[in-house]
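This is work_30.json. It holds JSON, C-alpha atoms.
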```
[["chain", "number", "residue", "atom", "x", "y", "z"],
["A", 1, "MET", "CA", 84.91, 74.46, 101.04],
["A", 2, "GLU", "CA", 86.83, 75.28, 104.21],
["A", 3, "PRO", "CA", 87.02, 76.64, 106.88],
["A", 4, "PHE", "CA", 83.53, 78.10, 106.31],
["A", 5, "THR", "CA", 81.01, 78.52, 103.52],
["A", 6, "THR", "CA", 79.14, 81.52, 102.14],
["A", 7, "GLU", "CA", 76.08, 81.54, 99.91],
["A", 8, "MET", "CA", 77.93, 83.51, 97.21],
["A", 9, "PHE", "CA", 80.80, 81.01, 97.01],
["A", 10, "VAL", "CA", 78.47, 77.98, 97.18],
["A", 11, "SER", "CA", 76.54, 79.42, 94.23],
["A", 12, "ALA", "CA", 79.82, 80.00, 92.40],
["A", 13, "VAL", "CA", 80.63, 76.29, 92.62],
["A", 14, "SER", "CA", 77.25, 75.38, 91.12],
["A", 15, "GLU", "CA", 77.62, 77.98, 88.38],
["A", 16, "GLY", "CA", 80.94, 76.41, 87.45],
["A", 17, "GLY", "CA", 79.32, 73.00, 87.07],
["A", 18, "GLY", "CA", 80.58, 71.54, 90.32],
["A", 19, "THR", "CA", 78.97, 70.03, 93.39],
["A", 20, "LEU", "CA", 79.96, 71.03, 96.90],
["A", 21, "GLN", "CA", 80.46, 67.99, 99.11],
["A", 22, "PRO", "CA", 81.61, 67.44, 102.72],
["A", 23, "LEU", "CA", 85.36, 66.94, 103.09],
["A", 24, "ASP", "CA", 86.28, 63.26, 102.94],
["A", 25, "HIS", "CA", 88.70, 60.86, 101.25],
["A", 26, "THR", "CA", 86.95, 61.26, 97.88],
["A", 27, "THR", "CA", 87.55, 65.04, 97.86],
["A", 28, "LYS", "CA", 89.50, 66.19, 94.79],
["A", 29, "GLY", "CA", 89.17, 69.96, 94.96],
["A", 30, "LEU", "CA", 89.43, 72.16, 98.06],
["A", 31, "LEU", "CA", 88.31, 75.79, 98.19],
["A", 32, "TRP", "CA", 90.11, 77.48, 101.07],
["A", 33, "VAL", "CA", 88.22, 80.76, 101.48],
["A", 34, "SER", "CA", 89.91, 82.17, 104.58],
["A", 35, "PRO", "CA", 92.82, 84.61, 104.10],
["A", 36, "SER", "CA", 94.71, 82.83, 106.90],
["A", 37, "GLY", "CA", 94.97, 79.43, 108.54],
["A", 38, "ALA", "CA", 98.00, 77.83, 106.90],
["A", 39, "GLU", "CA", 98.38, 75.29, 109.71],
["A", 40, "ALA", "CA", 94.74, 74.18, 109.48],
["A", 41, "LEU", "CA", 95.01, 73.92, 105.71],
["A", 42, "GLN", "CA", 98.16, 71.82, 106.02],
["A", 43, "GLU", "CA", 96.40, 69.45, 108.42],
["A", 44, "ILE", "CA", 93.66, 68.90, 105.85],
["A", 45, "LEU", "CA", 96.17, 68.23, 103.07],
["A", 46, "ASP", "CA", 98.04, 65.77, 105.29],
["A", 47, "SER", "CA", 94.80, 63.99, 106.21],
["A", 48, "PHE", "CA", 93.39, 63.88, 102.67],
["A", 49, "PRO", "CA", 96.28, 63.27, 100.25],
["A", 50, "GLY", "CA", 93.87, 62.67, 97.36],
["A", 51, "ILE", "CA", 93.18, 66.40, 96.97],
["A", 52, "GLU", "CA", 94.30, 67.42, 93.47],
["A", 53, "TRP", "CA", 93.48, 71.13, 93.47],
["A", 54, "ILE", "CA", 93.49, 73.91, 96.08],
["A", 55, "GLN", "CA", 91.96, 77.34, 95.47],
["A", 56, "LEU", "CA", 93.33, 80.10, 97.73],
["A", 57, "PRO", "CA", 91.41, 83.35, 98.31],
["A", 58, "TRP", "CA", 93.97, 86.13, 97.91],
["A", 59, "ALA", "CA", 96.11, 87.27, 95.02],
["A", 60, "GLY", "CA", 99.15, 87.14, 97.30],
["A", 61, "VAL", "CA", 99.86, 83.72, 98.80],
["A", 62, "ASP", "CA", 102.61, 84.62, 101.27],
["A", 63, "ALA", "CA", 100.29, 83.75, 104.19],
["A", 64, "PHE", "CA", 100.47, 80.14, 102.94],
["A", 65, "ALA", "CA", 104.21, 80.05, 102.28],
["A", 66, "SER", "CA", 104.72, 77.03, 104.55],
["A", 67, "VAL", "CA", 102.04, 75.06, 102.67],
["A", 68, "LEU", "CA", 103.54, 75.95, 99.29],
["A", 69, "ALA", "CA", 107.02, 75.01, 100.47],
["A", 70, "LYS", "CA", 105.85, 71.56, 101.58],
["A", 71, "ILE", "CA", 104.08, 71.01, 98.25],
["A", 72, "ALA", "CA", 107.22, 72.14, 96.38],
["A", 73, "ALA", "CA", 109.28, 69.61, 98.35],
["A", 74, "SER", "CA", 107.07, 66.72, 97.25],
["A", 75, "PRO", "CA", 107.50, 64.79, 93.99],
["A", 76, "GLN", "CA", 106.07, 66.58, 90.95],
["A", 77, "ALA", "CA", 103.59, 63.79, 90.23],
["A", 78, "HIS", "CA", 102.08, 64.04, 93.71],
["A", 79, "ARG", "CA", 101.69, 67.82, 93.88],
["A", 80, "PRO", "CA", 98.19, 69.29, 93.91],
["A", 81, "VAL", "CA", 97.59, 72.25, 91.62],
["A", 82, "VAL", "CA", 97.37, 75.47, 93.64],
["A", 83, "THR", "CA", 95.46, 78.44, 92.30],
["A", 84, "SER", "CA", 95.07, 81.89, 93.82],
["A", 85, "ALA", "CA", 93.02, 84.98, 93.09],
["A", 86, "LYS", "CA", 95.96, 86.68, 91.38],
["A", 87, "GLY", "CA", 94.66, 88.93, 88.67],
["A", 88, "ALA", "CA", 91.11, 88.82, 90.03],
["A", 89, "TYR", "CA", 91.49, 91.93, 92.20],
["A", 90, "SER", "CA", 93.78, 93.84, 89.85],
["A", 91, "GLU", "CA", 91.46, 96.69, 88.96],
["A", 92, "PRO", "CA", 90.47, 97.86, 92.47],
["A", 93, "VAL", "CA", 94.06, 97.57, 93.73],
["A", 94, "ALA", "CA", 95.40, 99.47, 90.71],
["A", 95, "GLU", "CA", 92.73, 102.10, 91.28],
["A", 96, "HIS", "CA", 93.94, 102.52, 94.86],
["A", 97, "ALA", "CA", 97.55, 102.80, 93.68],
["A", 98, "LEU", "CA", 96.56, 105.63, 91.36],
["A", 99, "ALA", "CA", 94.64, 107.35, 94.17],
["A", 100, "LEU", "CA", 97.67, 107.17, 96.49],
["A", 101, "LEU", "CA", 99.98, 108.37, 93.72],
["A", 102, "LEU", "CA", 97.84, 111.41, 92.95],
["A", 103, "GLY", "CA", 97.28, 112.09, 96.64],
["A", 104, "THR", "CA", 100.98, 112.11, 97.49],
["A", 105, "LEU", "CA", 101.96, 114.19, 94.47],
["A", 106, "ARG", "CA", 99.24, 116.72, 95.29],
["A", 107, "GLU", "CA", 100.12, 116.65, 99.02],
["A", 108, "LEU", "CA", 96.58, 115.78, 100.04],
["A", 109, "PRO", "CA", 97.61, 114.10, 103.34],
["A", 110, "ARG", "CA", 99.51, 117.17, 104.55],
["A", 111, "LYS", "CA", 96.96, 119.70, 103.37],
["A", 112, "ALA", "CA", 94.05, 117.78, 104.88],
["A", 113, "ARG", "CA", 95.83, 117.42, 108.22],
["A", 114, "ASP", "CA", 96.83, 121.09, 108.35],
["A", 115, "ALA", "CA", 93.13, 122.02, 108.27],
["A", 116, "HIS", "CA", 93.77, 125.68, 107.42],
["A", 117, "TRP", "CA", 94.11, 127.75, 104.28],
["A", 118, "GLN", "CA", 97.52, 127.15, 102.72],
["A", 119, "GLN", "CA", 99.67, 130.24, 102.23],
["A", 120, "GLU", "CA", 101.56, 128.67, 99.33],
["A", 121, "ARG", "CA", 100.23, 126.65, 96.41],
["A", 122, "THR", "CA", 102.30, 123.47, 96.22],
["A", 123, "GLY", "CA", 102.10, 119.98, 94.71],
["A", 124, "MET", "CA", 103.10, 118.21, 91.52],
["A", 125, "SER", "CA", 101.25, 116.99, 88.45],
["A", 126, "LEU", "CA", 101.37, 113.37, 87.30],
["A", 127, "PHE", "CA", 101.31, 114.26, 83.60],
["A", 128, "GLY", "CA", 104.50, 113.27, 81.80],
["A", 129, "ARG", "CA", 106.25, 111.91, 84.89],
["A", 130, "HIS", "CA", 108.65, 108.95, 84.99],
["A", 131, "ILE", "CA", 107.16, 106.09, 86.99],
["A", 132, "VAL", "CA", 109.18, 103.05, 88.08],
["A", 133, "LEU", "CA", 106.75, 100.16, 88.49],
["A", 134, "LEU", "CA", 107.93, 97.10, 90.42],
["A", 135, "GLY", "CA", 106.06, 94.03, 89.23],
["A", 136, "ALA", "CA", 104.44, 92.89, 86.01],
["A", 137, "GLY", "CA", 101.41, 90.98, 87.26],
["A", 138, "GLY", "CA", 97.73, 91.77, 87.03],
["A", 139, "VAL", "CA", 97.85, 94.82, 89.30],
["A", 140, "ALA", "CA", 100.79, 96.32, 87.42],
["A", 141, "ARG", "CA", 99.08, 95.79, 84.06],
["A", 142, "ALA", "CA", 95.81, 97.27, 85.29],
["A", 143, "PHE", "CA", 97.75, 100.24, 86.68],
["A", 144, "LEU", "CA", 99.37, 100.79, 83.30],
["A", 145, "ASP", "CA", 95.92, 101.04, 81.73],
["A", 146, "LEU", "CA", 94.67, 103.48, 84.38],
["A", 147, "VAL", "CA", 97.69, 105.77, 84.28],
["A", 148, "ALA", "CA", 97.96, 105.90, 80.48],
["A", 149, "PRO", "CA", 95.87, 109.11, 80.08],
["A", 150, "PHE", "CA", 98.53, 110.96, 82.10],
["A", 151, "ARG", "CA", 101.08, 110.13, 79.38],
["A", 152, "PRO", "CA", 103.80, 109.00, 81.81],
["A", 153, "ARG", "CA", 107.03, 107.23, 80.98],
["A", 154, "VAL", "CA", 106.74, 103.90, 82.81],
["A", 155, "SER", "CA", 109.71, 101.63, 83.45],
["A", 156, "VAL", "CA", 108.65, 98.17, 84.61],
["A", 157, "VAL", "CA", 110.98, 96.11, 86.78],
["A", 158, "ARG", "CA", 110.26, 92.40, 86.78],
["A", 159, "ARG", "CA", 111.97, 89.17, 87.79],
["A", 160, "SER", "CA", 112.20, 87.77, 84.26],
["A", 161, "GLY", "CA", 112.65, 89.34, 80.87],
["A", 162, "GLY", "CA", 110.01, 90.17, 78.30],
["A", 163, "ASP", "CA", 108.30, 93.43, 77.42],
["A", 164, "VAL", "CA", 105.10, 94.50, 79.18],
["A", 165, "PRO", "CA", 102.41, 96.11, 76.99],
["A", 166, "GLY", "CA", 101.95, 99.77, 77.88],
["A", 167, "ALA", "CA", 105.38, 100.16, 79.48],
["A", 168, "SER", "CA", 108.01, 102.47, 78.01],
["A", 169, "ARG", "CA", 110.68, 99.93, 78.91],
["A", 170, "THR", "CA", 110.99, 96.69, 80.85],
["A", 171, "VAL", "CA", 114.09, 95.65, 82.77],
["A", 172, "SER", "CA", 115.04, 92.81, 85.08],
["A", 173, "ALA", "CA", 115.40, 93.31, 88.82],
["A", 174, "GLU", "CA", 119.17, 93.82, 88.82],
["A", 175, "HIS", "CA", 118.67, 97.10, 86.92],
["A", 176, "LEU", "CA", 116.37, 98.70, 89.50],
["A", 177, "HIS", "CA", 119.10, 100.97, 90.89],
["A", 178, "ASP", "CA", 119.84, 102.29, 87.40],
["A", 179, "LEU", "CA", 116.28, 103.63, 87.12],
["A", 180, "LEU", "CA", 115.81, 105.22, 90.53],
["A", 181, "PRO", "CA", 117.86, 108.44, 90.09],
["A", 182, "ASP", "CA", 115.52, 109.47, 87.27],
["A", 183, "ALA", "CA", 112.25, 108.39, 88.88],
["A", 184, "ASP", "CA", 109.46, 110.77, 89.84],
["A", 185, "ALA", "CA", 107.43, 107.98, 91.45],
["A", 186, "VAL", "CA", 107.94, 104.36, 92.50],
["A", 187, "ILE", "CA", 104.96, 102.00, 92.61],
["A", 188, "VAL", "CA", 105.53, 98.70, 94.43],
["A", 189, "ALA", "CA", 103.24, 96.01, 92.99],
["A", 190, "ALA", "CA", 105.43, 92.90, 93.12],
["A", 191, "ALA", "CA", 104.87, 89.59, 94.87],
["A", 192, "ALA", "CA", 106.16, 89.08, 98.40],
["A", 193, "THR", "CA", 108.98, 86.52, 98.39],
["A", 194, "THR", "CA", 112.30, 86.13, 100.18],
["A", 195, "ASP", "CA", 113.94, 87.83, 97.19],
["A", 196, "THR", "CA", 111.71, 90.92, 97.40],
["A", 197, "ALA", "CA", 111.96, 91.53, 101.15],
["A", 198, "HIS", "CA", 112.85, 95.23, 101.63],
["A", 199, "VAL", "CA", 113.40, 95.64, 97.90],
["A", 200, "ILE", "CA", 112.87, 99.31, 98.70],
["A", 201, "GLY", "CA", 115.08, 100.25, 101.63],
["A", 202, "GLU", "CA", 117.47, 102.98, 102.71],
["A", 203, "ARG", "CA", 119.84, 102.46, 99.79],
["A", 204, "GLU", "CA", 117.07, 102.59, 97.18],
["A", 205, "LEU", "CA", 115.43, 105.64, 98.74],
["A", 206, "ALA", "CA", 118.78, 107.45, 98.77],
["A", 207, "LEU", "CA", 118.99, 107.01, 94.99],
["A", 208, "LEU", "CA", 115.67, 108.76, 94.38],
["A", 209, "PRO", "CA", 115.39, 112.49, 93.64],
["A", 210, "HIS", "CA", 114.07, 114.54, 96.56],
["A", 211, "HIS", "CA", 110.83, 115.27, 94.69],
["A", 212, "ALA", "CA", 109.99, 111.57, 94.19],
["A", 213, "VAL", "CA", 107.11, 109.74, 95.88],
["A", 214, "LEU", "CA", 106.65, 106.10, 96.86],
["A", 215, "VAL", "CA", 103.46, 104.01, 96.76],
["A", 216, "ASN", "CA", 103.20, 100.45, 98.10],
["A", 217, "ILE", "CA", 100.06, 98.40, 97.37],
["A", 218, "ALA", "CA", 101.80, 94.99, 97.39],
["A", 219, "ARG", "CA", 102.91, 93.70, 100.80],
["A", 220, "GLY", "CA", 104.49, 95.50, 103.73],
["A", 221, "SER", "CA", 107.56, 93.26, 103.67],
["A", 222, "LEU", "CA", 108.72, 94.78, 100.36],
["A", 223, "VAL", "CA", 109.34, 98.23, 101.85],
["A", 224, "ASP", "CA", 111.37, 99.28, 104.88],
["A", 225, "GLU", "CA", 108.90, 101.69, 106.50],
["A", 226, "GLU", "CA", 111.54, 102.95, 108.96],
["A", 227, "ALA", "CA", 113.68, 104.02, 106.03],
["A", 228, "VAL", "CA", 110.66, 105.64, 104.39],
["A", 229, "LEU", "CA", 109.87, 107.64, 107.52],
["A", 230, "LYS", "CA", 113.48, 108.81, 107.79],
["A", 231, "ALA", "CA", 113.61, 109.82, 104.11],
["A", 232, "VAL", "CA", 110.37, 111.78, 104.25],
["A", 233, "THR", "CA", 111.23, 113.44, 107.57],
["A", 234, "THR", "CA", 114.61, 114.63, 106.28],
["A", 235, "GLY", "CA", 113.17, 115.82, 102.97],
["A", 236, "ASP", "CA", 114.95, 113.18, 100.92],
["A", 237, "LEU", "CA", 111.57, 111.84, 99.76],
["A", 238, "PHE", "CA", 108.61, 114.06, 98.90],
["A", 239, "GLY", "CA", 105.93, 111.72, 100.22],
["A", 240, "ALA", "CA", 104.63, 108.17, 100.47],
["A", 241, "GLY", "CA", 101.33, 106.33, 100.18],
["A", 242, "LEU", "CA", 101.36, 102.99, 102.00],
["A", 243, "ASP", "CA", 98.38, 100.66, 101.85],
["A", 244, "VAL", "CA", 100.32, 97.81, 103.43],
["A", 245, "MET", "CA", 102.70, 97.65, 106.38],
["A", 246, "ASP", "CA", 104.86, 95.14, 108.23],
["A", 247, "PRO", "CA", 103.49, 94.03, 110.64],
["A", 248, "GLU", "CA", 99.74, 94.34, 110.19],
["A", 249, "PRO", "CA", 98.01, 95.79, 112.07],
["A", 250, "PHE", "CA", 100.74, 98.39, 112.45],
["A", 251, "PRO", "CA", 101.34, 99.78, 115.98],
["A", 252, "ASP", "CA", 99.19, 102.84, 116.75],
["A", 253, "ASP", "CA", 102.02, 104.57, 118.62],
["A", 254, "HIS", "CA", 104.56, 104.48, 115.79],
["A", 255, "PRO", "CA", 105.79, 107.97, 114.78],
["A", 256, "ILE", "CA", 105.08, 107.28, 111.10],
["A", 257, "TRP", "CA", 101.41, 108.13, 111.76],
["A", 258, "GLN", "CA", 102.40, 111.68, 112.63],
["A", 259, "GLU", "CA", 104.30, 112.38, 109.41],
["A", 260, "ARG", "CA", 102.05, 114.63, 107.32],
["A", 261, "ARG", "CA", 103.57, 113.59, 103.99],
["A", 262, "ILE", "CA", 102.81, 109.90, 104.54],
["A", 263, "VAL", "CA", 99.34, 108.42, 104.20],
["A", 264, "ILE", "CA", 98.57, 104.89, 105.41],
["A", 265, "THR", "CA", 95.30, 103.32, 104.27],
["A", 266, "SER", "CA", 95.31, 100.13, 106.38],
["A", 267, "HIS", "CA", 95.25, 97.51, 103.61],
["A", 268, "SER", "CA", 92.02, 98.74, 102.06],
["A", 269, "ALA", "CA", 92.98, 98.66, 98.38],
["A", 270, "ASP", "CA", 90.66, 95.67, 97.99],
["A", 271, "THR", "CA", 87.84, 95.54, 100.52],
["A", 272, "PRO", "CA", 85.51, 92.54, 101.02],
["A", 273, "PRO", "CA", 82.61, 94.18, 99.10],
["A", 274, "MET", "CA", 85.00, 94.56, 96.15],
["A", 275, "THR", "CA", 86.72, 91.19, 96.34],
["A", 276, "GLN", "CA", 83.95, 88.73, 97.21],
["A", 277, "PRO", "CA", 82.15, 88.94, 93.82],
["A", 278, "LEU", "CA", 85.52, 88.77, 92.06],
["A", 279, "LEU", "CA", 86.59, 85.70, 94.06],
["A", 280, "ALA", "CA", 83.24, 84.08, 93.31],
["A", 281, "ARG", "CA", 83.88, 84.64, 89.60],
["A", 282, "ARG", "CA", 87.35, 83.08, 89.93],
["A", 283, "ILE", "CA", 85.89, 80.07, 91.79],
["A", 284, "SER", "CA", 83.30, 79.52, 89.04],
["A", 285, "ALA", "CA", 85.92, 79.74, 86.31],
["A", 286, "ASN", "CA", 88.29, 77.33, 88.01],
["A", 287, "VAL", "CA", 85.58, 74.83, 88.96],
["A", 288, "ALA", "CA", 84.51, 74.78, 85.32],
["A", 289, "ALA", "CA", 88.11, 74.36, 84.18],
["A", 290, "TYR", "CA", 88.72, 71.52, 86.65],
["A", 291, "VAL", "CA", 85.52, 69.71, 85.67],
["A", 292, "GLU", "CA", 86.36, 70.03, 81.98],
["A", 293, "GLY", "CA", 90.04, 69.19, 82.39],
["A", 294, "LYS", "CA", 91.19, 72.59, 81.15],
["A", 295, "THR", "CA", 93.93, 74.92, 82.38],
["A", 296, "MET", "CA", 92.88, 76.87, 85.45],
["A", 297, "VAL", "CA", 93.36, 80.59, 86.08],
["A", 298, "GLY", "CA", 95.83, 81.98, 88.62],
["A", 299, "VAL", "CA", 98.03, 78.89, 88.94],
["A", 300, "VAL", "CA", 100.67, 79.41, 91.65],
["A", 301, "ASP", "CA", 104.31, 78.50, 91.06],
["A", 302, "VAL", "CA", 104.85, 76.69, 94.36],
["A", 303, "GLU", "CA", 108.63, 76.78, 93.98],
["A", 304, "ALA", "CA", 108.76, 80.53, 93.32],
["A", 305, "GLY", "CA", 106.15, 81.18, 96.01],
["A", 306, "TYR", "CA", 103.65, 83.13, 93.93]]
```
Output the structure of this file as structure tokens.
Amino acid sequence: MEPFTTEMFVSAVSEGGGTLQPLDHTTKGLLWVSPSGAEALQEILDSFPGIEWIQLPWAGVDAFASVLAKIAASPQAHRPVVTSAKGAYSEPVAEHALALLLGTLRELPRKARDAHWQQERTGMSLFGRHIVLLGAGGVARAFLDLVAPFRPRVSVVRRSGGDVPGASRTVSAEHLHDLLPDADAVIVAAAATTDTAHVIGERELALLPHHAVLVNIARGSLVDEEAVLKAVTTGDLFGAGLDVMDPEPFPDDHPIWQERRIVITSHSADTPPMTQPLLARRISANVAAYVEGKTMVGVVDVEAGY
């Protein structure tokens, strides 16, 4: 376990039937429990080529893109299996997406900042709305479960084909623009890759109705926050809830902080008290699977980058 150990994660290894040992040339499995440190991780992999499995701590693995790219460039037979926490944190992140969606529709950021009795009753209900959901992973599926009582029409946009349970329809990424003119809300829950960089930008925002709202709980790179600020300021977008930004931390002096219809929650959709027990559970499951020679959970496609 690198670059540090915690009692919870050490116990998780034991519960999975494994034994935690110092890193050496007999090491077969590596638990990398820091959300950063790609260069240090790569040095370990270069020094200990016998490592067959790497467990990463986050659902998103974009912080380790350079490591994944080097693994993808190696012969298939020599590639270690890489697993992440994808799916492990789905419920708390989906919960946060729903909170941001309701908050923006109900104008909670503006009303809270105004700090006086509103002269006009404004805001929109979520019931029966059309939601465009980017992504079909664990967070998106958990969100579909949470939002179901509001009886929305949900259109899922994903990289590949195949229906998603709970969605009204599922389309591939090239059809995103066809959905936006009829969207009441856009939820960004896709993986961060070179293909999804600024998947929501000025052109996409211009296609949305003026009453639409945007929520991003994926990665900041997927949304052009400058375009979001412009759209909200001009009234072309009703509001936005952004848990993630690019870069992070986002500059304190940026004018986006002053826009009353935008709420930024500083990447808190999954906090350490929420994620640590869930990561421990994932470690236990994958240690057990590795020991028993079974398929592990959260396997990363190193070529696709997620």
Compile the contact shell of Ala85 in chain A as a PDB file with C-alpha atoms, keeping the file's coordinate frame: residues with an atom at most 8 Å away, counting all atoms listed in the file, same-chain residues fewer than 4 positions apart removed.
```
ATOM      1  CA  LEU A  56      93.330  80.100  97.730  1.00  0.00           C
ATOM      2  CA  PRO A  57      91.410  83.350  98.310  1.00  0.00           C
ATOM      3  CA  TRP A  58      93.970  86.130  97.910  1.00  0.00           C
ATOM      4  CA  ALA A  59      96.110  87.270  95.020  1.00  0.00           C
ATOM      5  CA  GLY A  60      99.150  87.140  97.300  1.00  0.00           C
ATOM      6  CA  TYR A  89      91.490  91.930  92.200  1.00  0.00           C
ATOM      7  CA  LEU A 279      86.590  85.700  94.060  1.00  0.00           C
ATOM      8  CA  ARG A 282      87.350  83.080  89.930  1.00  0.00           C
ATOM      9  CA  GLY A 298      95.830  81.980  88.620  1.00  0.00           C
TER      10      GLY A 298
END
```
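A search radius of 12 Å centred on (86.8, 94.5, 96.5), applied to all atoms listed in the file, returns the residues Trp58, Ala59, Ala85, Ala88, Tyr89, Ser90, Glu91, Pro92, Val93, Ala94, Glu95, His96, His267, Ser268, Ala269, Asp270, Thr271, Pro272, Pro273, Met274, Thr275, Gln276, Pro277, Leu278, Leu279 and Ala280 of chain A.
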Box for range 208-223 of chain A - axis-aligned, 3 Å on each of the six sides, all listed atoms - centre and size in Å to one decimal, as lines of an AutoDock Vina configuration file.
```
center_x = 107.9
center_y = 104.3
center_z = 98.7
size_x = 21.6
size_y = 28.0
size_z = 16.1
```
Show me, as an mmCIF file with C-alpha atoms, in the frame of the given file, the residues that have an atom within 10 Å of Leu68 in chain A when counting only C-alpha atoms, minus same-chain residues fewer than 4 positions from it.
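And here's selection_21.cif as it stands now:
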```cif
data_model
loop_
_atom_site.group_PDB
_atom_site.id
_atom_site.type_symbol
_atom_site.label_atom_id
_atom_site.label_comp_id
_atom_site.auth_asym_id
_atom_site.auth_seq_id
_atom_site.Cartn_x
_atom_site.Cartn_y
_atom_site.Cartn_z
ATOM 1 C CA ALA A 38 98.000 77.830 106.900
ATOM 2 C CA GLN A 42 98.160 71.820 106.020
ATOM 3 C CA VAL A 61 99.860 83.720 98.800
ATOM 4 C CA ASP A 62 102.610 84.620 101.270
ATOM 5 C CA ALA A 63 100.290 83.750 104.190
ATOM 6 C CA PHE A 64 100.470 80.140 102.940
ATOM 7 C CA ALA A 72 107.220 72.140 96.380
ATOM 8 C CA ALA A 73 109.280 69.610 98.350
ATOM 9 C CA ARG A 79 101.690 67.820 93.880
ATOM 10 C CA VAL A 82 97.370 75.470 93.640
ATOM 11 C CA VAL A 300 100.670 79.410 91.650
ATOM 12 C CA ASP A 301 104.310 78.500 91.060
ATOM 13 C CA VAL A 302 104.850 76.690 94.360
ATOM 14 C CA GLU A 303 108.630 76.780 93.980
ATOM 15 C CA ALA A 304 108.760 80.530 93.320
ATOM 16 C CA GLY A 305 106.150 81.180 96.010
ATOM 17 C CA TYR A 306 103.650 83.130 93.930
#
```
TODO: Select all residues near (89.0, 75.2, 101.8) (cut-off 8 Å, inclusive, file coordinates), counting only C-alpha atoms, and output them as a PyMOL selection string.
DONE: chain A and resi 1-4+30-34+41+54-56
Writing out the chosen residues with C-alpha atoms as an mmCIF file, keeping the file's coordinate frame:
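Generated file (again.cif):
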```
data_model
loop_
_atom_site.group_PDB
_atom_site.id
_atom_site.type_symbol
_atom_site.label_atom_id
_atom_site.label_comp_id
_atom_site.auth_asym_id
_atom_site.auth_seq_id
_atom_site.Cartn_x
_atom_site.Cartn_y
_atom_site.Cartn_z
ATOM 1 C CA MET A 1 84.910 74.460 101.040
ATOM 2 C CA GLU A 2 86.830 75.280 104.210
ATOM 3 C CA PRO A 3 87.020 76.640 106.880
ATOM 4 C CA PHE A 4 83.530 78.100 106.310
ATOM 5 C CA LEU A 30 89.430 72.160 98.060
ATOM 6 C CA LEU A 31 88.310 75.790 98.190
ATOM 7 C CA TRP A 32 90.110 77.480 101.070
ATOM 8 C CA VAL A 33 88.220 80.760 101.480
ATOM 9 C CA SER A 34 89.910 82.170 104.580
ATOM 10 C CA LEU A 41 95.010 73.920 105.710
ATOM 11 C CA ILE A 54 93.490 73.910 96.080
ATOM 12 C CA GLN A 55 91.960 77.340 95.470
ATOM 13 C CA LEU A 56 93.330 80.100 97.730
#
```
TODO: Identify, on the basis of all atoms listed in the file, every residue whose closest approach to range 153-160 of chain A does not exceed 7 Å; exclude the query and any residue fewer than 4 positions from it along the same chain; express the result as a ChimeraX atom specification.
DONE: /A:128-136,167-173,176
Task: Selection near Thr104 in chain A, 12 Å with all atoms listed in the file, sequence-local residues under 3 positions removed, as a ChimeraX atom specification - done: /A:97-101,107-112,122-126,184-187,211-216,232,237-242,260-264
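Computed from the coordinates, the CA of Ala289 in chain A to CA of Trp53 in chain A distance equals 11.2 Å.
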Open item on the list: Report as a list in words all protein, DNA and RNA residues lying within 6 Å of range 193-199 of chain A, evaluated on all atoms listed in the file, omitting residues in the same chain fewer than 2 positions from it.
Closed with: Gly201, Ser221, Leu222, Val223 and Asp224 of chain A
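Atom pair CA of Val244 in chain A / CA of Glu39 in chain A: separated by 23.5 Å.
We find CA of Ala218 in chain A and CA of Asp178 in chain A to be spaced 21.9 Å apart.
With all atoms listed in the file as the basis for measurement, A:Arg219 is the residue among A:Arg219, A:Arg113, A:Lys294, A:Arg151 that approaches Ala190 in chain A most closely.
Among the candidates A:Glu120, A:Asp253, A:Glu248, A:Glu226, the one nearest to Ser266 in chain A when counting only C-alpha atoms is A:Glu248.
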